[in-house]
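final-v1.pdb, holding PDB, C-alpha atoms and all ligand atoms:
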ATOM      1  CA  MET A  14      72.096  54.453-196.609
ATOM      2  CA  LYS A  15      70.849  54.863-193.036
ATOM      3  CA  TYR A  16      73.132  56.530-190.534
ATOM      4  CA  LYS A  17      72.922  57.393-186.874
ATOM      5  CA  ARG A  18      74.203  60.546-185.168
ATOM      6  CA  PHE A  19      76.315  59.841-182.107
ATOM      7  CA  ILE A  20      78.324  63.004-181.378
ATOM      8  CA  ASP A  21      76.181  66.117-181.637
ATOM      9  CA  GLN A  22      77.229  69.659-182.590
ATOM     10  CA  GLU A  23      77.336  71.029-179.047
ATOM     11  CA  THR A  24      79.490  68.164-177.784
ATOM     12  CA  LEU A  25      81.856  68.584-180.726
ATOM     13  CA  ALA A  26      82.141  72.333-180.221
ATOM     14  CA  ARG A  27      82.814  71.922-176.502
ATOM     15  CA  ARG A  28      85.545  69.301-176.997
ATOM     16  CA  VAL A  29      87.232  71.166-179.868
ATOM     17  CA  GLY A  30      87.228  74.283-177.662
ATOM     18  CA  GLU A  31      88.921  72.321-174.871
ATOM     19  CA  LEU A  32      91.561  70.986-177.265
ATOM     20  CA  GLY A  33      92.218  74.534-178.488
ATOM     21  CA  GLU A  34      92.689  75.738-174.910
ATOM     22  CA  THR A  35      95.043  72.872-174.073
ATOM     23  CA  LEU A  36      97.139  73.483-177.186
ATOM     24  CA  SER A  37      97.222  77.214-176.428
ATOM     25  CA  LYS A  38      98.644  76.468-172.971
ATOM     26  CA  ASP A  39     101.122  73.828-174.123
ATOM     27  CA  TYR A  40     102.429  75.881-177.076
ATOM     28  CA  GLU A  41     102.396  79.364-175.522
ATOM     29  CA  GLY A  42     105.230  81.430-177.068
ATOM     30  CA  LYS A  43     106.150  78.659-179.553
ATOM     31  CA  ASN A  44     104.250  79.815-182.652
ATOM     32  CA  PRO A  45     103.316  76.227-183.625
ATOM     33  CA  LEU A  46     102.511  75.135-187.166
ATOM     34  CA  LEU A  47      99.280  73.145-187.507
ATOM     35  CA  VAL A  48      99.518  70.654-190.370
ATOM     36  CA  GLY A  49      96.013  69.651-191.473
ATOM     37  CA  ILE A  50      95.649  66.392-193.374
ATOM     38  CA  LEU A  51      93.249  66.868-196.281
ATOM     39  CA  ARG A  52      90.586  66.346-196.936
ATOM     40  CA  GLY A  53      89.056  64.887-193.775
ATOM     41  CA  ALA A  54      90.598  67.337-191.289
ATOM     42  CA  TYR A  55      89.468  70.566-192.956
ATOM     43  CA  ILE A  56      86.496  71.312-190.707
ATOM     44  CA  PHE A  57      88.194  70.202-187.475
ATOM     45  CA  MET A  58      91.263  72.253-188.400
ATOM     46  CA  ALA A  59      89.200  75.403-189.029
ATOM     47  CA  ASP A  60      87.341  75.122-185.704
ATOM     48  CA  LEU A  61      90.469  74.144-183.747
ATOM     49  CA  SER A  62      92.489  77.018-185.183
ATOM     50  CA  ARG A  63      89.715  79.483-184.284
ATOM     51  CA  SER A  64      89.575  78.137-180.741
ATOM     52  CA  MET A  65      93.304  78.780-180.148
ATOM     53  CA  SER A  66      94.274  82.023-178.464
ATOM     54  CA  ILE A  67      98.022  81.932-179.274
ATOM     55  CA  ARG A  68      99.959  82.865-182.416
ATOM     56  CA  HIS A  69     100.149  79.936-184.829
ATOM     57  CA  THR A  70     100.293  79.220-188.541
ATOM     58  CA  VAL A  71      98.562  76.583-190.658
ATOM     59  CA  ASP A  72      99.455  74.492-193.669
ATOM     60  CA  PHE A  73      97.858  71.489-195.367
ATOM     61  CA  MET A  74      98.986  68.238-196.828
ATOM     62  CA  ALA A  75      96.886  65.879-198.946
ATOM     63  CA  VAL A  76      97.372  62.133-198.902
ATOM     64  CA  SER A  77      95.504  59.392-200.680
ATOM     65  CA  SER A  78      92.967  57.632-198.524
ATOM     66  CA  TYR A  79      90.408  54.916-199.025
ATOM     67  CA  GLY A  80      88.763  56.065-202.264
ATOM     68  CA  ALA A  81      85.325  54.561-202.444
ATOM     69  CA  SER A  82      86.122  51.620-200.183
ATOM     70  CA  THR A  83      85.841  51.540-196.390
ATOM     71  CA  THR A  84      88.977  49.571-195.583
ATOM     72  CA  THR A  85      92.567  50.723-195.719
ATOM     73  CA  SER A  86      94.752  49.778-198.687
ATOM     74  CA  GLY A  87      97.914  50.277-196.627
ATOM     75  CA  VAL A  88      99.267  52.460-199.406
ATOM     76  CA  VAL A  89      99.735  56.165-198.703
ATOM     77  CA  ARG A  90     100.519  58.610-201.478
ATOM     78  CA  ILE A  91     101.368  62.290-201.057
ATOM     79  CA  LEU A  92      99.055  64.247-203.341
ATOM     80  CA  LYS A  93      99.990  67.697-202.016
ATOM     81  CA  ASP A  94     103.042  68.464-199.912
ATOM     82  CA  LEU A  95     103.471  71.315-197.417
ATOM     83  CA  ASP A  96     104.594  74.767-198.518
ATOM     84  CA  THR A  97     106.145  75.575-195.121
ATOM     85  CA  PRO A  98     109.644  74.412-194.076
ATOM     86  CA  LEU A  99     109.445  72.450-190.817
ATOM     87  CA  PHE A 100     113.069  72.838-189.703
ATOM     88  CA  GLN A 101     113.104  73.910-186.027
ATOM     89  CA  ARG A 102     109.332  74.548-185.981
ATOM     90  CA  HIS A 103     106.956  73.154-183.375
ATOM     91  CA  VAL A 104     104.643  71.087-185.560
ATOM     92  CA  ILE A 105     101.252  69.559-184.725
ATOM     93  CA  ILE A 106      99.715  67.107-187.190
ATOM     94  CA  ILE A 107      95.926  67.562-187.271
ATOM     95  CA  GLU A 108      94.058  64.389-188.279
ATOM     96  CA  ASP A 109      90.351  63.701-188.556
ATOM     97  CA  ILE A 110      90.489  60.055-187.469
ATOM     98  CA  VAL A 111      93.146  57.462-186.675
ATOM     99  CA  ASP A 112      91.997  54.015-187.733
ATOM    100  CA  SER A 113      94.739  51.437-188.476
ATOM    101  CA  GLY A 114      97.281  54.223-187.905
ATOM    102  CA  LEU A 115      99.082  53.477-191.192
ATOM    103  CA  THR A 116      98.465  56.913-192.674
ATOM    104  CA  LEU A 117      99.568  58.688-189.533
ATOM    105  CA  LYS A 118     102.725  56.601-189.110
ATOM    106  CA  TYR A 119     103.731  57.322-192.671
ATOM    107  CA  ILE A 120     103.147  61.072-192.320
ATOM    108  CA  PHE A 121     104.893  61.144-188.945
ATOM    109  CA  ARG A 122     108.039  59.521-190.375
ATOM    110  CA  LEU A 123     108.032  61.812-193.383
ATOM    111  CA  LEU A 124     107.695  64.986-191.317
ATOM    112  CA  SER A 125     110.192  63.867-188.627
ATOM    113  CA  ALA A 126     112.849  63.646-191.329
ATOM    114  CA  ARG A 127     112.463  67.417-191.874
ATOM    115  CA  LEU A 128     113.848  68.018-188.362
ATOM    116  CA  PRO A 129     111.108  70.010-186.641
ATOM    117  CA  ALA A 130     111.806  71.258-183.074
ATOM    118  CA  SER A 131     108.922  69.011-181.960
ATOM    119  CA  LEU A 132     106.279  66.881-183.654
ATOM    120  CA  LYS A 133     102.981  65.900-182.032
ATOM    121  CA  VAL A 134      99.621  64.595-183.206
ATOM    122  CA  CYS A 135      96.144  65.927-182.496
ATOM    123  CA  ALA A 136      93.277  63.773-183.807
ATOM    124  CA  LEU A 137      89.588  64.481-183.417
ATOM    125  CA  LEU A 138      88.703  60.767-183.353
ATOM    126  CA  ASP A 139      90.681  57.681-182.412
ATOM    127  CA  LYS A 140      89.553  54.109-183.182
ATOM    128  CA  GLU A 141      91.909  52.735-180.566
ATOM    129  CA  ILE A 142      90.672  49.180-181.055
ATOM    130  CA  ALA A 143      92.011  49.248-184.643
ATOM    131  CA  HIS A 144      95.608  49.762-183.439
ATOM    132  CA  PRO A 145      95.711  47.998-180.044
ATOM    133  CA  GLY A 146      98.601  48.761-177.716
ATOM    134  CA  GLU A 147      99.871  51.627-179.861
ATOM    135  CA  GLN A 148      99.739  55.160-178.502
ATOM    136  CA  LEU A 149      99.768  57.192-181.723
ATOM    137  CA  VAL A 150      97.988  60.378-180.686
ATOM    138  CA  ASP A 151      99.073  63.052-178.182
ATOM    139  CA  TYR A 152      95.812  65.019-178.158
ATOM    140  CA  VAL A 153      92.540  63.214-178.857
ATOM    141  CA  GLY A 154      88.993  64.523-179.082
ATOM    142  CA  PHE A 155      86.998  61.295-178.714
ATOM    143  CA  GLU A 156      87.615  57.555-178.671
ATOM    144  CA  VAL A 157      85.202  55.983-181.175
ATOM    145  CA  PRO A 158      84.021  52.425-181.851
ATOM    146  CA  ASN A 159      85.178  50.388-184.819
ATOM    147  CA  ARG A 160      82.396  51.559-187.145
ATOM    148  CA  TYR A 161      82.532  53.521-190.386
ATOM    149  CA  ILE A 162      82.170  57.153-189.370
ATOM    150  CA  ILE A 163      80.955  60.157-191.367
ATOM    151  CA  GLY A 164      80.337  63.862-190.874
ATOM    152  CA  TYR A 165      82.261  66.937-189.654
ATOM    153  CA  GLY A 166      84.756  66.487-192.521
ATOM    154  CA  LEU A 167      84.694  62.685-192.739
ATOM    155  CA  ASP A 168      83.332  61.205-195.926
ATOM    156  CA  PHE A 169      81.956  58.094-197.500
ATOM    157  CA  ASP A 170      82.739  58.195-201.213
ATOM    158  CA  GLN A 171      83.294  61.987-200.898
ATOM    159  CA  GLN A 172      79.779  62.530-199.515
ATOM    160  CA  TYR A 173      78.537  63.493-196.018
ATOM    161  CA  ARG A 174      81.523  65.726-195.100
ATOM    162  CA  ASN A 175      79.102  68.617-194.524
ATOM    163  CA  LEU A 176      77.099  66.932-191.746
ATOM    164  CA  PRO A 177      77.627  69.199-188.715
ATOM    165  CA  TYR A 178      77.736  66.179-186.374
ATOM    166  CA  ILE A 179      79.475  62.769-186.254
ATOM    167  CA  ALA A 180      77.467  59.734-187.374
ATOM    168  CA  HIS A 181      77.981  56.108-188.293
ATOM    169  CA  PHE A 182      76.235  53.906-190.792
ATOM    170  CA  GLU A 183      73.910  51.395-189.251
ATOM    171  CA  ASN A 184      74.900  48.510-191.517
ATOM    172  CA  ILE A 185      78.657  48.939-192.088
ATOM    173  CA  ASP A 186      81.091  47.495-189.548
ATOM    174  CA  VAL A 187      84.787  47.714-190.384
TER     175      VAL A 187
HETATM  176  P1  LIG B 201      94.246  54.719-191.237
HETATM  177  O1  LIG B 201      95.488  54.819-192.084
HETATM  178  O2  LIG B 201      93.625  53.355-191.301
HETATM  179  O3  LIG B 201      94.509  55.164-189.789
HETATM  180  O4  LIG B 201      93.158  55.678-191.866
HETATM  181  C1  LIG B 201      93.314  57.053-191.817
HETATM  182  C2  LIG B 201      92.460  57.820-192.805
HETATM  183  O5  LIG B 201      91.443  57.025-193.414
HETATM  184  C3  LIG B 201      91.747  58.931-192.062
HETATM  185  O6  LIG B 201      92.520  60.111-192.041
HETATM  186  C4  LIG B 201      90.459  59.073-192.860
HETATM  187  O7  LIG B 201      90.674  59.963-193.938
HETATM  188  C5  LIG B 201      90.198  57.682-193.379
HETATM  189  N1  LIG B 201      89.285  56.937-192.473
HETATM  190  C6  LIG B 201      89.589  55.965-191.595
HETATM  191  N2  LIG B 201      88.502  55.519-190.926
HETATM  192  C7  LIG B 201      87.465  56.256-191.410
HETATM  193  C8  LIG B 201      86.055  56.296-191.087
HETATM  194  O8  LIG B 201      85.516  55.561-190.248
HETATM  195  N3  LIG B 201      85.325  57.203-191.795
HETATM  196  C9  LIG B 201      85.849  58.031-192.729
HETATM  197  N4  LIG B 201      87.159  58.040-193.040
HETATM  198  C10 LIG B 201      87.961  57.156-192.388
END

So that I can check it, write out the structure of this file as structure tokens.
Amino acid sequence: MKYKRFIDQETLARRVGELGETLSKDYEGKNPLLVGILRGAYIFMADLSRSMSIRHTVDFMAVSSYGASTTTSGVVRILKDLDTPLFQRHVIIIEDIVDSGLTLKYIFRLLSARLPASLKVCALLDKEIAHPGEQLVDYVGFEVPNRYIIGYGLDFDQQYRNLPYIAHFENIDV
């Protein structure tokens, strides 16, 4: 399938570096826990964590996503839960992309119930048009159009995660 690059490596690195600096300022002295949502966030999480200059810890959670389809099923299943207790921790959910927002809302509710000291969301990409009027993300890398996006951790049928840049297919609109 043909795809087109639209956020290059340098632009990604610069923006992820800025997010890391912002988080380092906002969470200074708070030893935040970054919760990466597998599998899509693994590359973003690794680069973001390395760009932060403050003490922090990381953990991962896996949820079911689209499978081989490109539209949301609305059903979210926890495939792997966190190992770290969240009680009284400053927690930042790290997402690859927020589309309809269903996955994020589900995870947010689940983690809030564990009584963290604070709970915020940092997403590399936000398809704002897919959840109009809802502010779901506290820290966002890029607003993106309503296209199916691949690369830098994001897949189509488990492929393309290794592309070092962000691309979209030329013939799939979602
Ligand atoms: P949502 O529940 O519709 O917000 O979808 C969230 C999850 O679906 C993301 O964390 C991704 O794993 C996946 N997803 C949504 N849109 C895309 C896309 O354009 N490309 C690749 N994965 C996507």

Exercise. Record the distance separating CA of Gly53 in chain A and atom O7 of ligand LIG 201 (chain B), expressed in Å with one decimal.
Key: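 Distance between the two atoms: 5.2 Å.
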
Which chain A residues have any atom within 6 Å of an atom of ligand LIG 201 (chain B), and for each, what is the nearest pair of atoms with distance in Å to one decimal, counting all atoms listed in the file, rows sorted by chain and number, as CSV?
residue,atom,partner,partner_atom,distance
A:Gly53,CA,B:LIG201,O7,5.2
A:Ser78,CA,B:LIG201,O5,5.4
A:Thr85,CA,B:LIG201,O2,5.3
A:Glu108,CA,B:LIG201,O6,5.9
A:Asp109,CA,B:LIG201,O6,5.5
A:Ile110,CA,B:LIG201,C3,4.9
A:Val111,CA,B:LIG201,O3,4.1
A:Asp112,CA,B:LIG201,O3,3.4
A:Ser113,CA,B:LIG201,O2,3.6
A:Gly114,CA,B:LIG201,O3,3.5
A:Leu115,CA,B:LIG201,O1,3.9
A:Thr116,CA,B:LIG201,O1,3.7
A:Arg160,CA,B:LIG201,O8,5.9
A:Tyr161,CA,B:LIG201,O8,3.6
A:Ile162,CA,B:LIG201,O8,3.8
A:Ile163,CA,B:LIG201,N3,5.3
A:Leu167,CA,B:LIG201,C9,4.8
A:Asp168,CA,B:LIG201,C9,5.2

Quiz item: Which of these residues is nearest to Asn175 in chain A, using only C-alpha atoms: A:Asp21, A:Leu36, A:Ile56, A:Pro145?
Solution: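 Of A:Asp21, A:Leu36, A:Ile56, A:Pro145, the one nearest Asn175 in chain A, counting only C-alpha atoms, is A:Ile56.
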
Self-check item: Neighbour list for Ala126 in chain A as a PyMOL selection string, cut-off 10 Å, only C-alpha atoms, skip fewer than 3 positions in-chain
Solution: chain A and resi 99-100+121-123+129

Quiz item: If you measure from CA of Tyr178 in chain A to CA of Asp39 in chain A, what distance in Å do you get, rounded to one decimal?
Solution: 27.5 Å

Quiz item: In Å to one decimal, how far is CA of Ile120 in chain A from CA of Ile91 in chain A?
Solution: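 Going from CA of Ile91 in chain A over to CA of Ile120 in chain A, I get 9.0 Å.
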
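Among the candidate residues A:Val157, A:Val134, A:Val71, A:Leu61, the one lying nearest to Asp96 in chain A is A:Val71, with distances computed using only C-alpha atoms.
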
Quiz prompt | Given only C-alpha atoms as the counted atoms, nearest of A:Val29, A:Ala143, A:Ala180, A:Val150 to Met14 in chain A | solution =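 Checking each of A:Val29, A:Ala143, A:Ala180, A:Val150 against Met14 in chain A, counting only C-alpha atoms, the winner is A:Ala180.
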
Self-check item: Nearest candidate to Ile50 in chain A (options A:Lys38, A:Lys17, A:His69, A:Lys93; using all atoms listed in the file)
Solution: A:Lys93

Where's the centre, and what are the edge lengths in Å to one decimal, of a box along x, y and z enclosing all listed atoms of range 143-160 of chain A padded 3 Å per side, as JSON?
{"center_x": 91.1, "center_y": 56.5, "center_z": -182.4, "size_x": 23.5, "size_y": 23.0, "size_z": 15.4}

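Here the selection is built from only C-alpha atoms, and the residues within 10 Å of (104.2, 76.4, -195.4) turn out to be Leu46, Leu47, Val48, Thr70, Val71, Asp72, Phe73, Met74, Asp94, Leu95, Asp96, Thr97, Pro98 and Leu99 of chain A.
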
Can you write out the residues you just picked, keeping C-alpha atoms, as a PDB file, in the coordinates of the input?
ATOM      1  CA  LEU A  46     102.511  75.135-187.166  1.00  0.00           C
ATOM      2  CA  LEU A  47      99.280  73.145-187.507  1.00  0.00           C
ATOM      3  CA  VAL A  48      99.518  70.654-190.370  1.00  0.00           C
ATOM      4  CA  THR A  70     100.293  79.220-188.541  1.00  0.00           C
ATOM      5  CA  VAL A  71      98.562  76.583-190.658  1.00  0.00           C
ATOM      6  CA  ASP A  72      99.455  74.492-193.669  1.00  0.00           C
ATOM      7  CA  PHE A  73      97.858  71.489-195.367  1.00  0.00           C
ATOM      8  CA  MET A  74      98.986  68.238-196.828  1.00  0.00           C
ATOM      9  CA  ASP A  94     103.042  68.464-199.912  1.00  0.00           C
ATOM     10  CA  LEU A  95     103.471  71.315-197.417  1.00  0.00           C
ATOM     11  CA  ASP A  96     104.594  74.767-198.518  1.00  0.00           C
ATOM     12  CA  THR A  97     106.145  75.575-195.121  1.00  0.00           C
ATOM     13  CA  PRO A  98     109.644  74.412-194.076  1.00  0.00           C
ATOM     14  CA  LEU A  99     109.445  72.450-190.817  1.00  0.00           C
TER      15      LEU A  99
END

Quiz item: Which residues fall under the PyMOL selection byres (((chain A and resi 41) around 12) and not hetatm) in this file, as an MDAnalysis selection string?
Solution: chainID A and resid 33:40 42:45 65:69 103

Quiz prompt | From A:Ala130, A:Tyr165, A:Glu156, A:Ala75, residue lying nearest Pro177 in chain A [only C-alpha atoms] | solution = A:Tyr165

Exercise. Return the single residue from A:Asn159, A:Gln22, A:Gln172, A:Ser77 that is closest to Lys140 in chain A, with distances computed using all atoms listed in the file.
Key: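 Checking each of A:Asn159, A:Gln22, A:Gln172, A:Ser77 against Lys140 in chain A, counting all atoms listed in the file, the winner is A:Asn159.
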
Missing atoms of range 14-26 of chain A rebuilt to N, CA and C atoms, written as a PDB file, in the frame of the given file:
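Saved to out-v1.pdb:
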ATOM      1  N   MET A  14      71.704  55.320-197.730  1.00  0.00           N
ATOM      2  CA  MET A  14      72.096  54.453-196.609  1.00  0.00           C
ATOM      3  C   MET A  14      71.704  55.099-195.269  1.00  0.00           C
ATOM      4  N   LYS A  15      71.273  54.294-194.318  1.00  0.00           N
ATOM      5  CA  LYS A  15      70.849  54.863-193.036  1.00  0.00           C
ATOM      6  C   LYS A  15      72.051  55.115-192.140  1.00  0.00           C
ATOM      7  N   TYR A  16      72.050  56.261-191.479  1.00  0.00           N
ATOM      8  CA  TYR A  16      73.132  56.530-190.534  1.00  0.00           C
ATOM      9  C   TYR A  16      72.566  57.114-189.248  1.00  0.00           C
ATOM     10  N   LYS A  17      73.388  57.007-188.196  1.00  0.00           N
ATOM     11  CA  LYS A  17      72.922  57.393-186.874  1.00  0.00           C
ATOM     12  C   LYS A  17      73.890  58.406-186.268  1.00  0.00           C
ATOM     13  N   ARG A  18      73.356  59.522-185.791  1.00  0.00           N
ATOM     14  CA  ARG A  18      74.203  60.546-185.168  1.00  0.00           C
ATOM     15  C   ARG A  18      74.654  60.064-183.795  1.00  0.00           C
ATOM     16  N   PHE A  19      75.934  60.197-183.473  1.00  0.00           N
ATOM     17  CA  PHE A  19      76.315  59.841-182.107  1.00  0.00           C
ATOM     18  C   PHE A  19      77.205  60.853-181.387  1.00  0.00           C
ATOM     19  N   ILE A  20      77.723  61.868-182.107  1.00  0.00           N
ATOM     20  CA  ILE A  20      78.324  63.004-181.378  1.00  0.00           C
ATOM     21  C   ILE A  20      77.681  64.261-181.952  1.00  0.00           C
ATOM     22  N   ASP A  21      76.933  64.985-181.106  1.00  0.00           N
ATOM     23  CA  ASP A  21      76.181  66.117-181.637  1.00  0.00           C
ATOM     24  C   ASP A  21      77.052  67.384-181.713  1.00  0.00           C
ATOM     25  N   GLN A  22      76.492  68.422-182.331  1.00  0.00           N
ATOM     26  CA  GLN A  22      77.229  69.659-182.590  1.00  0.00           C
ATOM     27  C   GLN A  22      77.758  70.323-181.333  1.00  0.00           C
ATOM     28  N   GLU A  23      76.939  70.349-180.293  1.00  0.00           N
ATOM     29  CA  GLU A  23      77.336  71.029-179.047  1.00  0.00           C
ATOM     30  C   GLU A  23      78.506  70.297-178.405  1.00  0.00           C
ATOM     31  N   THR A  24      78.421  68.961-178.397  1.00  0.00           N
ATOM     32  CA  THR A  24      79.490  68.164-177.784  1.00  0.00           C
ATOM     33  C   THR A  24      80.791  68.342-178.568  1.00  0.00           C
ATOM     34  N   LEU A  25      80.671  68.362-179.889  1.00  0.00           N
ATOM     35  CA  LEU A  25      81.856  68.584-180.726  1.00  0.00           C
ATOM     36  C   LEU A  25      82.481  69.942-180.439  1.00  0.00           C
ATOM     37  N   ALA A  26      81.636  70.966-180.414  1.00  0.00           N
ATOM     38  CA  ALA A  26      82.141  72.333-180.221  1.00  0.00           C
ATOM     39  C   ALA A  26      82.836  72.460-178.868  1.00  0.00           C
TER      40      ALA A  26
END
